[in-house]
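So this one's structure_23.txt, compact mmCIF, C-alpha atoms:
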# COMPACT_ATOMS: atom_id res chain seq x y z
CA MET F 468 63.74 71.58 -5.26
CA LYS F 469 61.66 74.65 -6.12
CA GLN F 470 59.81 72.67 -8.79
CA GLU F 471 59.10 69.87 -6.29
CA ASN F 472 57.70 72.39 -3.78
CA THR F 473 55.48 73.88 -6.49
CA GLN F 474 54.20 70.45 -7.49
CA TRP F 475 53.53 69.57 -3.86
CA LYS F 476 51.58 72.81 -3.32
CA ASP F 477 49.60 72.17 -6.53
CA PHE F 478 48.74 68.70 -5.23
CA LEU F 479 47.62 70.10 -1.86
CA MET F 480 45.52 72.77 -3.58
CA ASN F 481 43.84 70.16 -5.78
CA ILE F 482 43.02 67.91 -2.83
CA SER F 483 41.75 70.87 -0.77
CA VAL F 484 39.46 72.10 -3.54
CA LEU F 485 38.21 68.60 -4.27
CA GLN F 486 37.18 68.08 -0.63
CA ALA F 487 35.42 71.46 -0.64
CA VAL F 488 33.52 70.53 -3.79
CA LEU F 489 32.61 67.00 -2.68
CA THR F 490 31.49 68.17 0.76
CA VAL F 491 28.39 69.81 -0.73
CA PRO F 492 26.80 66.85 -2.58
CA LEU F 493 28.37 63.87 -0.78
CA PHE F 494 29.25 64.63 2.86
CA GLY F 495 25.63 64.94 4.01
CA PRO F 496 24.48 61.62 2.47
CA ALA F 497 27.67 59.97 3.76
CA CYS F 498 26.87 61.11 7.32
CA ILE F 499 23.34 59.76 7.06
CA GLY F 500 24.61 56.46 5.63
CA LEU F 501 27.19 56.10 8.40
CA MET F 502 24.64 56.64 11.16
CA VAL F 503 22.18 54.19 9.60
CA TYR F 504 24.93 51.59 9.17
CA LEU F 505 26.07 51.92 12.78
CA MET F 506 22.50 51.36 13.97
CA PHE F 507 22.76 47.78 12.68
CA THR F 508 26.13 47.00 14.25
CA SER F 509 27.41 46.42 17.76
CA LEU F 510 28.05 50.18 17.91
CA TRP F 511 24.32 50.98 17.70
CA LEU F 512 24.48 52.82 21.02
CA LEU F 513 26.66 55.60 19.53
CA PRO F 514 24.15 56.82 16.91
CA THR F 515 21.31 56.31 19.39
CA LEU F 516 22.94 58.60 21.93
CA TYR F 517 23.81 61.09 19.20
CA PHE F 518 20.20 61.24 17.95
CA ILE F 519 18.98 61.83 21.51
CA TRP F 520 21.51 64.63 21.90
CA GLN F 521 20.65 66.09 18.48
CA LEU F 522 16.97 66.21 19.47
CA LYS F 523 17.88 68.09 22.64
CA ASP F 524 20.21 70.38 20.68
CA ARG F 525 17.80 71.00 17.78
CA HIS F 526 17.33 74.72 18.48
CA THR F 527 21.04 75.59 18.57
CA PRO F 528 21.40 76.33 14.83
CA GLU F 529 18.65 78.96 15.06
CA ARG F 530 20.25 80.48 18.15
CA GLY F 531 23.57 81.44 16.62
CA GLY F 532 25.08 77.98 16.18
CA ARG F 533 28.54 76.99 17.37
CA ARG F 534 31.23 78.68 15.29
CA THR F 535 34.82 77.82 16.03
CA ALA F 536 37.86 79.87 15.05
CA PHE F 537 39.80 76.62 14.70
CA VAL F 538 37.73 75.42 11.72
CA ARG F 539 37.41 78.86 10.12
CA ASN F 540 41.21 79.21 10.16
CA TRP F 541 42.10 75.81 8.73
CA LYS F 542 45.06 76.12 6.33
CA VAL F 543 43.08 74.10 3.79
CA TRP F 544 40.89 77.15 3.09
CA LYS F 545 43.91 79.22 2.05
CA LEU F 546 44.81 76.48 -0.41
CA VAL F 547 41.27 76.68 -1.81
CA ARG F 548 41.68 80.46 -2.11
CA ASP F 549 44.99 80.15 -3.94
CA TYR F 550 43.69 77.55 -6.40
CA PHE F 551 41.49 79.99 -8.33
CA PRO F 552 42.71 82.47 -6.91
CA MET F 553 40.06 84.26 -4.82
CA LYS F 554 40.14 87.66 -3.20
CA LEU F 555 37.74 89.74 -1.13
CA VAL F 556 37.47 93.44 -2.01
CA LYS F 557 36.25 96.11 0.40
CA THR F 558 34.67 99.27 -1.01
CA ALA F 559 33.33 100.83 2.21
CA GLU F 560 33.54 100.50 5.96
CA LEU F 561 31.10 98.39 7.95
CA ASN F 562 30.37 99.88 11.37
CA PRO F 563 30.79 97.19 14.06
CA ASN F 564 28.04 98.91 16.05
CA LYS F 565 25.43 98.02 13.43
CA ASN F 566 24.00 94.84 11.94
CA TYR F 567 23.93 94.09 8.23
CA ILE F 568 22.32 91.81 5.67
CA LEU F 569 24.70 91.12 2.81
CA GLY F 570 23.02 89.92 -0.36
CA CYS F 571 25.49 87.78 -2.29
CA HIS F 572 25.20 87.27 -6.05
CA PRO F 573 25.32 85.12 -8.11
CA HIS F 574 24.67 81.70 -6.56
CA GLY F 575 26.84 79.81 -9.02
CA VAL F 576 26.79 76.01 -8.97
CA LEU F 577 28.14 75.53 -5.43
CA SER F 578 28.64 79.08 -4.06
CA LEU F 579 32.30 78.37 -3.37
CA GLY F 580 33.14 82.07 -3.47
CA ALA F 581 30.63 82.94 -0.74
CA PHE F 582 31.69 79.95 1.34
CA THR F 583 35.39 80.76 1.19
CA ALA F 584 34.95 84.50 1.76
CA PHE F 585 32.39 84.41 4.58
CA THR F 586 32.67 81.07 6.42
CA THR F 587 36.47 81.00 6.56
CA GLU F 588 39.16 83.58 7.19
CA ALA F 589 41.11 82.64 4.05
CA CYS F 590 40.19 85.93 2.36
CA GLY F 591 40.70 88.00 5.50
CA PHE F 592 37.13 89.13 6.24
CA MET F 593 37.85 89.99 9.88
CA ASP F 594 40.96 91.92 8.89
CA LEU F 595 39.05 93.95 6.30
CA PHE F 596 36.05 94.52 8.58
CA PRO F 597 37.30 94.50 12.20
CA GLY F 598 34.61 93.93 14.78
CA VAL F 599 32.16 92.46 12.26
CA ARG F 600 31.22 88.74 12.25
CA SER F 601 30.16 87.17 8.96
CA CYS F 602 27.53 84.43 8.99
CA LEU F 603 26.49 82.60 5.83
CA CYS F 604 22.80 81.69 6.02
CA ILE F 605 22.01 78.42 4.26
CA LEU F 606 19.15 75.93 3.87
CA SER F 607 17.57 75.00 7.20
CA GLY F 608 17.29 71.34 6.20
CA LEU F 609 21.08 70.94 6.25
CA PHE F 610 21.05 71.41 10.03
CA LYS F 611 18.91 68.29 10.44
CA ILE F 612 21.58 66.02 8.95
CA PRO F 613 23.48 64.20 11.73
CA LEU F 614 27.17 65.06 12.05
CA TYR F 615 27.01 67.32 8.99
CA ARG F 616 25.20 69.92 11.10
CA GLU F 617 28.19 70.10 13.45
CA TYR F 618 30.51 70.79 10.54
CA VAL F 619 28.46 73.61 9.02
CA MET F 620 27.82 75.19 12.42
CA SER F 621 31.55 75.17 13.18
CA THR F 622 32.16 77.40 10.14
CA GLY F 623 29.64 79.94 11.44
CA CYS F 624 26.77 79.01 9.12
CA CYS F 625 23.20 79.42 10.35
CA PRO F 626 19.79 78.56 8.89
CA VAL F 627 18.19 81.12 6.60
CA SER F 628 14.91 80.73 8.52
CA LYS F 629 13.02 83.65 10.08
CA PRO F 630 13.69 82.53 13.71
CA SER F 631 17.41 82.30 12.95
CA LEU F 632 17.58 85.72 11.31
CA LYS F 633 15.53 87.22 14.13
CA HIS F 634 17.90 85.83 16.75
CA LEU F 635 21.02 87.04 14.95
CA LEU F 636 19.64 90.53 14.41
CA SER F 637 18.07 91.07 17.82
CA LYS F 638 19.72 88.80 20.40
CA SER F 639 23.35 88.47 19.29
CA GLY F 640 24.51 92.02 19.82
CA LYS F 641 25.89 94.25 17.08
CA GLY F 642 28.45 93.69 14.36
CA ASN F 643 26.63 90.80 12.68
CA ALA F 644 26.87 90.50 8.90
CA LEU F 645 24.30 87.97 7.69
CA VAL F 646 25.17 86.75 4.21
CA ILE F 647 22.21 85.52 2.16
CA ILE F 648 22.55 84.15 -1.37
CA ILE F 649 19.40 85.84 -2.60
CA GLY F 650 18.88 84.01 -5.90
CA GLY F 651 18.93 80.56 -4.33
CA ALA F 652 18.13 77.44 -6.34
CA ALA F 653 16.56 79.34 -9.24
CA GLU F 654 19.75 81.33 -9.74
CA SER F 655 21.97 78.25 -9.60
CA LEU F 656 20.25 76.96 -12.75
CA LEU F 657 21.37 80.13 -14.57
CA SER F 658 25.03 79.50 -13.77
CA LEU F 659 26.91 79.55 -17.07
CA PRO F 660 30.41 80.78 -17.95
CA GLY F 661 30.38 84.37 -19.11
CA VAL F 662 26.78 84.87 -17.97
CA ASN F 663 25.99 87.31 -15.15
CA ALA F 664 22.31 86.86 -14.34
CA VAL F 665 20.69 87.24 -10.92
CA VAL F 666 17.22 86.37 -9.67
CA MET F 667 16.11 89.41 -7.72
CA LYS F 668 12.90 91.11 -8.83
CA GLN F 669 10.55 88.99 -6.71
CA ARG F 670 12.96 88.30 -3.85
CA LYS F 671 11.87 90.81 -1.22
CA GLY F 672 11.81 88.81 2.01
CA PHE F 673 15.33 89.82 3.01
CA VAL F 674 14.40 93.49 2.59
CA LYS F 675 11.42 93.08 4.90
CA VAL F 676 13.62 91.43 7.53
CA ALA F 677 16.15 94.26 7.20
CA LEU F 678 13.39 96.81 7.82
CA GLU F 679 11.96 94.92 10.79
CA PHE F 680 15.30 94.98 12.59
CA GLY F 681 16.92 98.08 11.12
CA ALA F 682 19.76 96.16 9.48
CA ASP F 683 21.56 97.95 6.65
CA LEU F 684 21.59 96.23 3.27
CA VAL F 685 24.89 95.54 1.51
CA PRO F 686 25.14 94.19 -2.07
CA VAL F 687 27.93 91.71 -2.79
CA TYR F 688 28.96 90.45 -6.21
CA SER F 689 31.19 87.43 -6.80
CA TYR F 690 32.85 87.88 -10.18
CA GLY F 691 33.95 84.57 -11.69
CA GLU F 692 31.56 82.44 -9.61
CA ASN F 693 29.73 81.26 -12.73
CA ASP F 694 32.98 80.33 -14.51
CA MET F 695 34.03 77.54 -12.13
CA PHE F 696 32.00 74.77 -13.78
CA ARG F 697 30.24 73.85 -17.01
CA GLN F 698 26.61 73.07 -16.30
CA VAL F 699 24.23 71.03 -18.43
CA ILE F 700 21.15 73.18 -19.06
CA PHE F 701 17.97 71.20 -19.64
CA SER F 702 15.39 72.63 -22.00
CA GLU F 703 12.16 73.78 -20.38
CA GLY F 704 9.66 70.95 -20.17
CA SER F 705 12.24 68.17 -20.50
CA MET F 706 12.48 65.32 -17.99
CA GLY F 707 15.68 66.77 -16.47
CA TRP F 708 14.11 70.21 -16.16
CA ARG F 709 10.99 68.80 -14.47
CA LEU F 710 13.13 66.84 -12.02
CA GLN F 711 15.07 69.97 -11.09
CA GLN F 712 11.87 71.95 -10.56
CA LEU F 713 10.43 69.17 -8.40
CA CYS F 714 13.54 69.02 -6.20
CA LYS F 715 13.55 72.80 -5.91
CA LYS F 716 9.92 72.77 -4.76
CA ILE F 717 10.28 69.90 -2.29
CA MET F 718 13.81 70.32 -0.91
CA GLY F 719 14.61 73.97 -1.61
CA PHE F 720 17.53 73.27 -3.96
CA ALA F 721 17.87 72.16 -7.54
CA PRO F 722 20.41 69.41 -8.34
CA CYS F 723 22.74 70.59 -11.12
CA LEU F 724 24.50 68.35 -13.61
CA PHE F 725 27.91 69.93 -13.97
CA MET F 726 31.51 69.16 -14.87
CA GLY F 727 34.81 70.73 -13.98
CA GLU F 728 38.12 71.14 -15.75
CA ARG F 729 39.34 67.66 -14.77
CA TRP F 730 38.67 64.78 -12.40
CA LEU F 731 35.01 65.37 -13.29
CA TRP F 732 34.33 67.92 -10.53
CA MET F 733 37.58 69.85 -10.24
CA PRO F 734 36.62 73.48 -10.96
CA TYR F 735 38.31 75.54 -13.63
CA HIS F 736 41.17 77.82 -12.60
CA CYS F 737 39.43 81.18 -12.88
CA PRO F 738 40.00 84.34 -10.81
CA VAL F 739 37.14 84.94 -8.36
CA THR F 740 36.72 88.40 -6.88
CA ILE F 741 34.09 88.95 -4.21
CA VAL F 742 33.32 92.68 -3.98
CA VAL F 743 31.48 93.98 -0.91
CA GLY F 744 29.54 97.14 -1.75
CA SER F 745 28.53 100.15 0.31
CA PRO F 746 25.83 99.81 2.98
CA ILE F 747 22.34 101.10 2.23
CA PRO F 748 20.97 102.74 5.41
CA VAL F 749 17.72 101.05 6.44
CA PRO F 750 15.42 102.43 9.18
CA LYS F 751 13.84 100.16 11.76
CA ARG F 752 10.18 99.47 10.96
CA PRO F 753 8.70 96.67 13.12
CA SER F 754 5.77 96.41 10.70
CA PRO F 755 7.00 97.68 7.33
CA THR F 756 4.46 98.51 4.64
CA GLN F 757 4.66 97.00 1.18
CA GLU F 758 5.56 100.43 -0.19
CA GLU F 759 8.56 100.61 2.16
CA VAL F 760 9.67 97.11 1.20
CA ASP F 761 9.36 97.94 -2.51
CA HIS F 762 11.28 101.20 -2.03
CA TYR F 763 14.30 99.65 -0.35
CA HIS F 764 14.19 96.66 -2.66
CA GLY F 765 14.47 99.09 -5.56
CA LEU F 766 17.38 100.89 -3.89
CA TYR F 767 19.10 97.57 -3.39
CA MET F 768 18.75 96.56 -7.05
CA GLU F 769 20.09 99.94 -8.16
CA SER F 770 23.04 99.62 -5.78
CA LEU F 771 23.77 96.08 -7.00
CA ALA F 772 23.73 97.17 -10.65
CA LYS F 773 26.00 100.13 -9.83
CA LEU F 774 28.43 97.88 -7.96
CA PHE F 775 28.56 95.46 -10.88
CA ASN F 776 29.21 98.18 -13.44
CA GLU F 777 31.89 99.92 -11.36
CA HIS F 778 34.01 96.80 -10.91
CA LYS F 779 33.30 94.64 -13.98
CA VAL F 780 36.27 95.85 -16.03
CA SER F 781 38.80 95.48 -13.19
CA CYS F 782 37.42 91.96 -12.62
CA GLY F 783 37.99 90.82 -16.18
CA LEU F 784 34.71 91.64 -17.94
CA SER F 785 34.28 93.91 -20.94
CA ASP F 786 32.86 97.40 -20.49
CA SER F 787 29.83 96.39 -22.58
CA HIS F 788 28.92 93.48 -20.30
CA GLU F 789 25.55 93.99 -18.58
CA LEU F 790 24.04 92.48 -15.48
CA LEU F 791 20.76 90.68 -16.18
CA ILE F 792 18.30 91.02 -13.29
CA THR F 793 15.24 88.76 -13.48
Take the structure in this file and express it as structure tokens.
Amino acid sequence: MKQENTQWKDFLMNISVLQAVLTVPLFGPACIGLMVYLMFTSLWLLPTLYFIWQLKDRHTPERGGRRTAFVRNWKVWKLVRDYFPMKLVKTAELNPNKNYILGCHPHGVLSLGAFTAFTTEACGFMDLFPGVRSCLCILSGLFKIPLYREYVMSTGCCPVSKPSLKHLLSKSGKGNALVIIIGGAAESLLSLPGVNAVVMKQRKGFVKVALEFGADLVPVYSYGENDMFRQVIFSEGSMGWRLQQLCKKIMGFAPCLFMGERWLWMPYHCPVTIVVGSPIPVPKRPSPTQEEVDHYHGLYMESLAKLFNEHKVSCGLSDSHELLIT
């Protein structure tokens, strides 16, 4: 009986992780395809009414969205957590009377660590940081996809656009923790097992926003994020490489060719530890100078490197392992 229960839980974990993985590349196109299909059936009125409503509701994502505790607390997310397993580690308090910008590194192939830790309660974010609301900021274009936008908003995600960040940091009260995956598409292409490389040196926009609204900066590192998949790396100048660069320029993301441990896209069982560092106090400067931006950007990179070095051994890396910042 115990073996049967274990097998059943393994099956549920596999299905839960597979849906989480497939949601990223397939759910959006499937939603678009469904709406287009319905337009040419007797149910054409349904997508028509939805599109009218979506047009009226177009500003909602940039005004805090529509998070629901029901979706964030789905049991499926705990199964995703247990599959790897994942855990969220707190190193310092976050004051619920302040706002924060959490820079999460590395991007990985699909950012499953960031998604599980900050858009669900599977890792216990609200228990670790009472009074603080996490909000993962993602590509603005995803909120234009019919139906899919409702799903991502229900998890608490918001666009990573300037109007969205401005609203969250100035019109949504205190206790907001905006999570931004700083390296973005460029960093996803560096996702390789055993490699810890982040794209940071020229990414300063989030620091400027933090200064404009007086939001403290918090480095976050997701150990094991790059070990989930095996990615095909195209040589610079090749057809695959040029296609990735074109997609990154036009759409803001770079399609990755990757494989998992089995079933093509099932990720490898690898421990993932998301460590939230100590806040870096940031003053409010409505019009920050470039010198101020550079100063706090430098402090952030130093804090990120320190966080990585302090926890790398306990998270399974060798003491000689170094963080590559490009």
Of F:Phe537, F:Trp475, F:Phe582, F:Tyr567, the one nearest to F:Ser745 when counting all atoms listed in the file is F:Tyr567
Could you tell me how far atom CA of F:Ala559 sits from atom CA of F:Asp594, in Å to one decimal place? 13.5 Å
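Using only C-alpha atoms, the nearest neighbour of F:His574 within the list F:Ser785, F:Asn663, F:Thr473, F:Thr756 is F:Asn663.
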What gap, in Å, lies between atom CA of F:Val739 and atom CA of F:Asp477?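 Taking atom CA of F:Val739 as the start and atom CA of F:Asp477 as the end point, the length is 17.9 Å.
One finds atom CA of F:Pro496 at 18.6 Å from atom CA of F:Trp511.
Look at F:Gly707: the protein and nucleic acid residues within 10 Å of it, using all atoms listed in the file and passing over chain neighbours fewer than 6 places away, are Val699, Ile700, Phe701, Leu713, Pro722, Cys723 and Leu724 of chain F.
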How about saving the chosen residues, C-alpha atoms kept, as a PDB file, in the frame of the given file?
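Full text of part_26.pdb as output:
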ATOM      1  CA  VAL F 699      24.230  71.030 -18.430  1.00  0.00           C
ATOM      2  CA  ILE F 700      21.150  73.180 -19.060  1.00  0.00           C
ATOM      3  CA  PHE F 701      17.970  71.200 -19.640  1.00  0.00           C
ATOM      4  CA  LEU F 713      10.430  69.170  -8.400  1.00  0.00           C
ATOM      5  CA  PRO F 722      20.410  69.410  -8.340  1.00  0.00           C
ATOM      6  CA  CYS F 723      22.740  70.590 -11.120  1.00  0.00           C
ATOM      7  CA  LEU F 724      24.500  68.350 -13.610  1.00  0.00           C
TER       8      LEU F 724
END
So which residues touch F:Arg530 within 7 Å, counting all atoms listed in the file, skipping near sequence neighbours fewer than 3 positions away, as a ChimeraX atom specification? /F:526-527,631,634
Using the selection just defined, write its residues with C-alpha atoms as a CSV table (one decimal), in the frame of the given file.
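Saved the output as out.csv:
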chain,number,residue,atom,x,y,z
F,526,HIS,CA,17.3,74.7,18.5
F,527,THR,CA,21.0,75.6,18.6
F,631,SER,CA,17.4,82.3,13.0
F,634,HIS,CA,17.9,85.8,16.8
Looking at F:Met502, F:Val491, F:Val538, F:Leu731, which one is nearest to F:Glu617, with distances taken over all atoms listed in the file?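 Result for the nearest residue to F:Glu617: F:Val538.
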Please rebuild stretch 489-509 of chain F with N, CA, C and O atoms and give the result as a PDB file, in the frame of the given file.
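Output saved as part-v2.pdb:
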ATOM      1  N   LEU F 489      33.331  68.234  -2.993  1.00  0.00           N
ATOM      2  CA  LEU F 489      32.610  67.000  -2.680  1.00  0.00           C
ATOM      3  C   LEU F 489      31.811  67.093  -1.389  1.00  0.00           C
ATOM      4  O   LEU F 489      30.856  66.340  -1.196  1.00  0.00           O
ATOM      5  N   THR F 490      32.214  68.011  -0.499  1.00  0.00           N
ATOM      6  CA  THR F 490      31.490  68.170   0.760  1.00  0.00           C
ATOM      7  C   THR F 490      30.020  68.507   0.515  1.00  0.00           C
ATOM      8  O   THR F 490      29.124  68.011   1.216  1.00  0.00           O
ATOM      9  N   VAL F 491      29.760  69.339  -0.497  1.00  0.00           N
ATOM     10  CA  VAL F 491      28.390  69.810  -0.730  1.00  0.00           C
ATOM     11  C   VAL F 491      27.458  68.670  -1.130  1.00  0.00           C
ATOM     12  O   VAL F 491      26.429  68.445  -0.488  1.00  0.00           O
ATOM     13  N   PRO F 492      27.755  67.880  -2.176  1.00  0.00           N
ATOM     14  CA  PRO F 492      26.800  66.850  -2.580  1.00  0.00           C
ATOM     15  C   PRO F 492      26.948  65.509  -1.866  1.00  0.00           C
ATOM     16  O   PRO F 492      26.005  64.724  -1.841  1.00  0.00           O
ATOM     17  N   LEU F 493      28.125  65.223  -1.262  1.00  0.00           N
ATOM     18  CA  LEU F 493      28.370  63.870  -0.780  1.00  0.00           C
ATOM     19  C   LEU F 493      28.503  63.732   0.736  1.00  0.00           C
ATOM     20  O   LEU F 493      28.185  62.680   1.291  1.00  0.00           O
ATOM     21  N   PHE F 494      28.984  64.771   1.430  1.00  0.00           N
ATOM     22  CA  PHE F 494      29.250  64.630   2.860  1.00  0.00           C
ATOM     23  C   PHE F 494      27.965  64.385   3.653  1.00  0.00           C
ATOM     24  O   PHE F 494      27.933  63.556   4.564  1.00  0.00           O
ATOM     25  N   GLY F 495      26.901  65.121   3.299  1.00  0.00           N
ATOM     26  CA  GLY F 495      25.630  64.940   4.010  1.00  0.00           C
ATOM     27  C   GLY F 495      25.094  63.525   3.870  1.00  0.00           C
ATOM     28  O   GLY F 495      24.821  62.847   4.882  1.00  0.00           O
ATOM     29  N   PRO F 496      24.934  63.012   2.636  1.00  0.00           N
ATOM     30  CA  PRO F 496      24.480  61.620   2.470  1.00  0.00           C
ATOM     31  C   PRO F 496      25.411  60.615   3.145  1.00  0.00           C
ATOM     32  O   PRO F 496      24.947  59.601   3.678  1.00  0.00           O
ATOM     33  N   ALA F 497      26.725  60.888   3.125  1.00  0.00           N
ATOM     34  CA  ALA F 497      27.670  59.970   3.760  1.00  0.00           C
ATOM     35  C   ALA F 497      27.439  59.918   5.276  1.00  0.00           C
ATOM     36  O   ALA F 497      27.516  58.845   5.893  1.00  0.00           O
ATOM     37  N   CYS F 498      27.145  61.070   5.873  1.00  0.00           N
ATOM     38  CA  CYS F 498      26.870  61.110   7.320  1.00  0.00           C
ATOM     39  C   CYS F 498      25.616  60.323   7.653  1.00  0.00           C
ATOM     40  O   CYS F 498      25.576  59.566   8.636  1.00  0.00           O
ATOM     41  N   ILE F 499      24.595  60.504   6.836  1.00  0.00           N
ATOM     42  CA  ILE F 499      23.340  59.760   7.060  1.00  0.00           C
ATOM     43  C   ILE F 499      23.599  58.260   6.919  1.00  0.00           C
ATOM     44  O   ILE F 499      23.157  57.446   7.745  1.00  0.00           O
ATOM     45  N   GLY F 500      24.318  57.875   5.853  1.00  0.00           N
ATOM     46  CA  GLY F 500      24.610  56.460   5.630  1.00  0.00           C
ATOM     47  C   GLY F 500      25.407  55.850   6.765  1.00  0.00           C
ATOM     48  O   GLY F 500      25.147  54.706   7.184  1.00  0.00           O
ATOM     49  N   LEU F 501      26.381  56.603   7.291  1.00  0.00           N
ATOM     50  CA  LEU F 501      27.190  56.100   8.400  1.00  0.00           C
ATOM     51  C   LEU F 501      26.340  55.845   9.636  1.00  0.00           C
ATOM     52  O   LEU F 501      26.467  54.796  10.287  1.00  0.00           O
ATOM     53  N   MET F 502      25.478  56.792   9.965  1.00  0.00           N
ATOM     54  CA  MET F 502      24.640  56.640  11.160  1.00  0.00           C
ATOM     55  C   MET F 502      23.664  55.475  11.023  1.00  0.00           C
ATOM     56  O   MET F 502      23.445  54.718  11.978  1.00  0.00           O
ATOM     57  N   VAL F 503      23.096  55.319   9.835  1.00  0.00           N
ATOM     58  CA  VAL F 503      22.180  54.190   9.600  1.00  0.00           C
ATOM     59  C   VAL F 503      22.936  52.874   9.700  1.00  0.00           C
ATOM     60  O   VAL F 503      22.454  51.905  10.309  1.00  0.00           O
ATOM     61  N   TYR F 504      24.118  52.821   9.123  1.00  0.00           N
ATOM     62  CA  TYR F 504      24.930  51.590   9.170  1.00  0.00           C
ATOM     63  C   TYR F 504      25.258  51.212  10.610  1.00  0.00           C
ATOM     64  O   TYR F 504      25.131  50.044  11.017  1.00  0.00           O
ATOM     65  N   LEU F 505      25.697  52.205  11.400  1.00  0.00           N
ATOM     66  CA  LEU F 505      26.070  51.920  12.780  1.00  0.00           C
ATOM     67  C   LEU F 505      24.901  51.417  13.618  1.00  0.00           C
ATOM     68  O   LEU F 505      25.095  50.673  14.584  1.00  0.00           O
ATOM     69  N   MET F 506      23.685  51.815  13.234  1.00  0.00           N
ATOM     70  CA  MET F 506      22.500  51.360  13.970  1.00  0.00           C
ATOM     71  C   MET F 506      22.326  49.848  13.886  1.00  0.00           C
ATOM     72  O   MET F 506      21.673  49.240  14.743  1.00  0.00           O
ATOM     73  N   PHE F 507      22.916  49.222  12.871  1.00  0.00           N
ATOM     74  CA  PHE F 507      22.760  47.780  12.680  1.00  0.00           C
ATOM     75  C   PHE F 507      24.058  47.023  12.985  1.00  0.00           C
ATOM     76  O   PHE F 507      24.287  45.924  12.480  1.00  0.00           O
ATOM     77  N   THR F 508      24.896  47.651  13.810  1.00  0.00           N
ATOM     78  CA  THR F 508      26.130  47.000  14.250  1.00  0.00           C
ATOM     79  C   THR F 508      26.166  46.984  15.771  1.00  0.00           C
ATOM     80  O   THR F 508      25.255  47.492  16.446  1.00  0.00           O
ATOM     81  N   SER F 509      27.252  46.456  16.296  1.00  0.00           N
ATOM     82  CA  SER F 509      27.410  46.420  17.760  1.00  0.00           C
ATOM     83  C   SER F 509      27.626  47.808  18.343  1.00  0.00           C
ATOM     84  O   SER F 509      27.590  47.983  19.563  1.00  0.00           O
TER      85      SER F 509
END
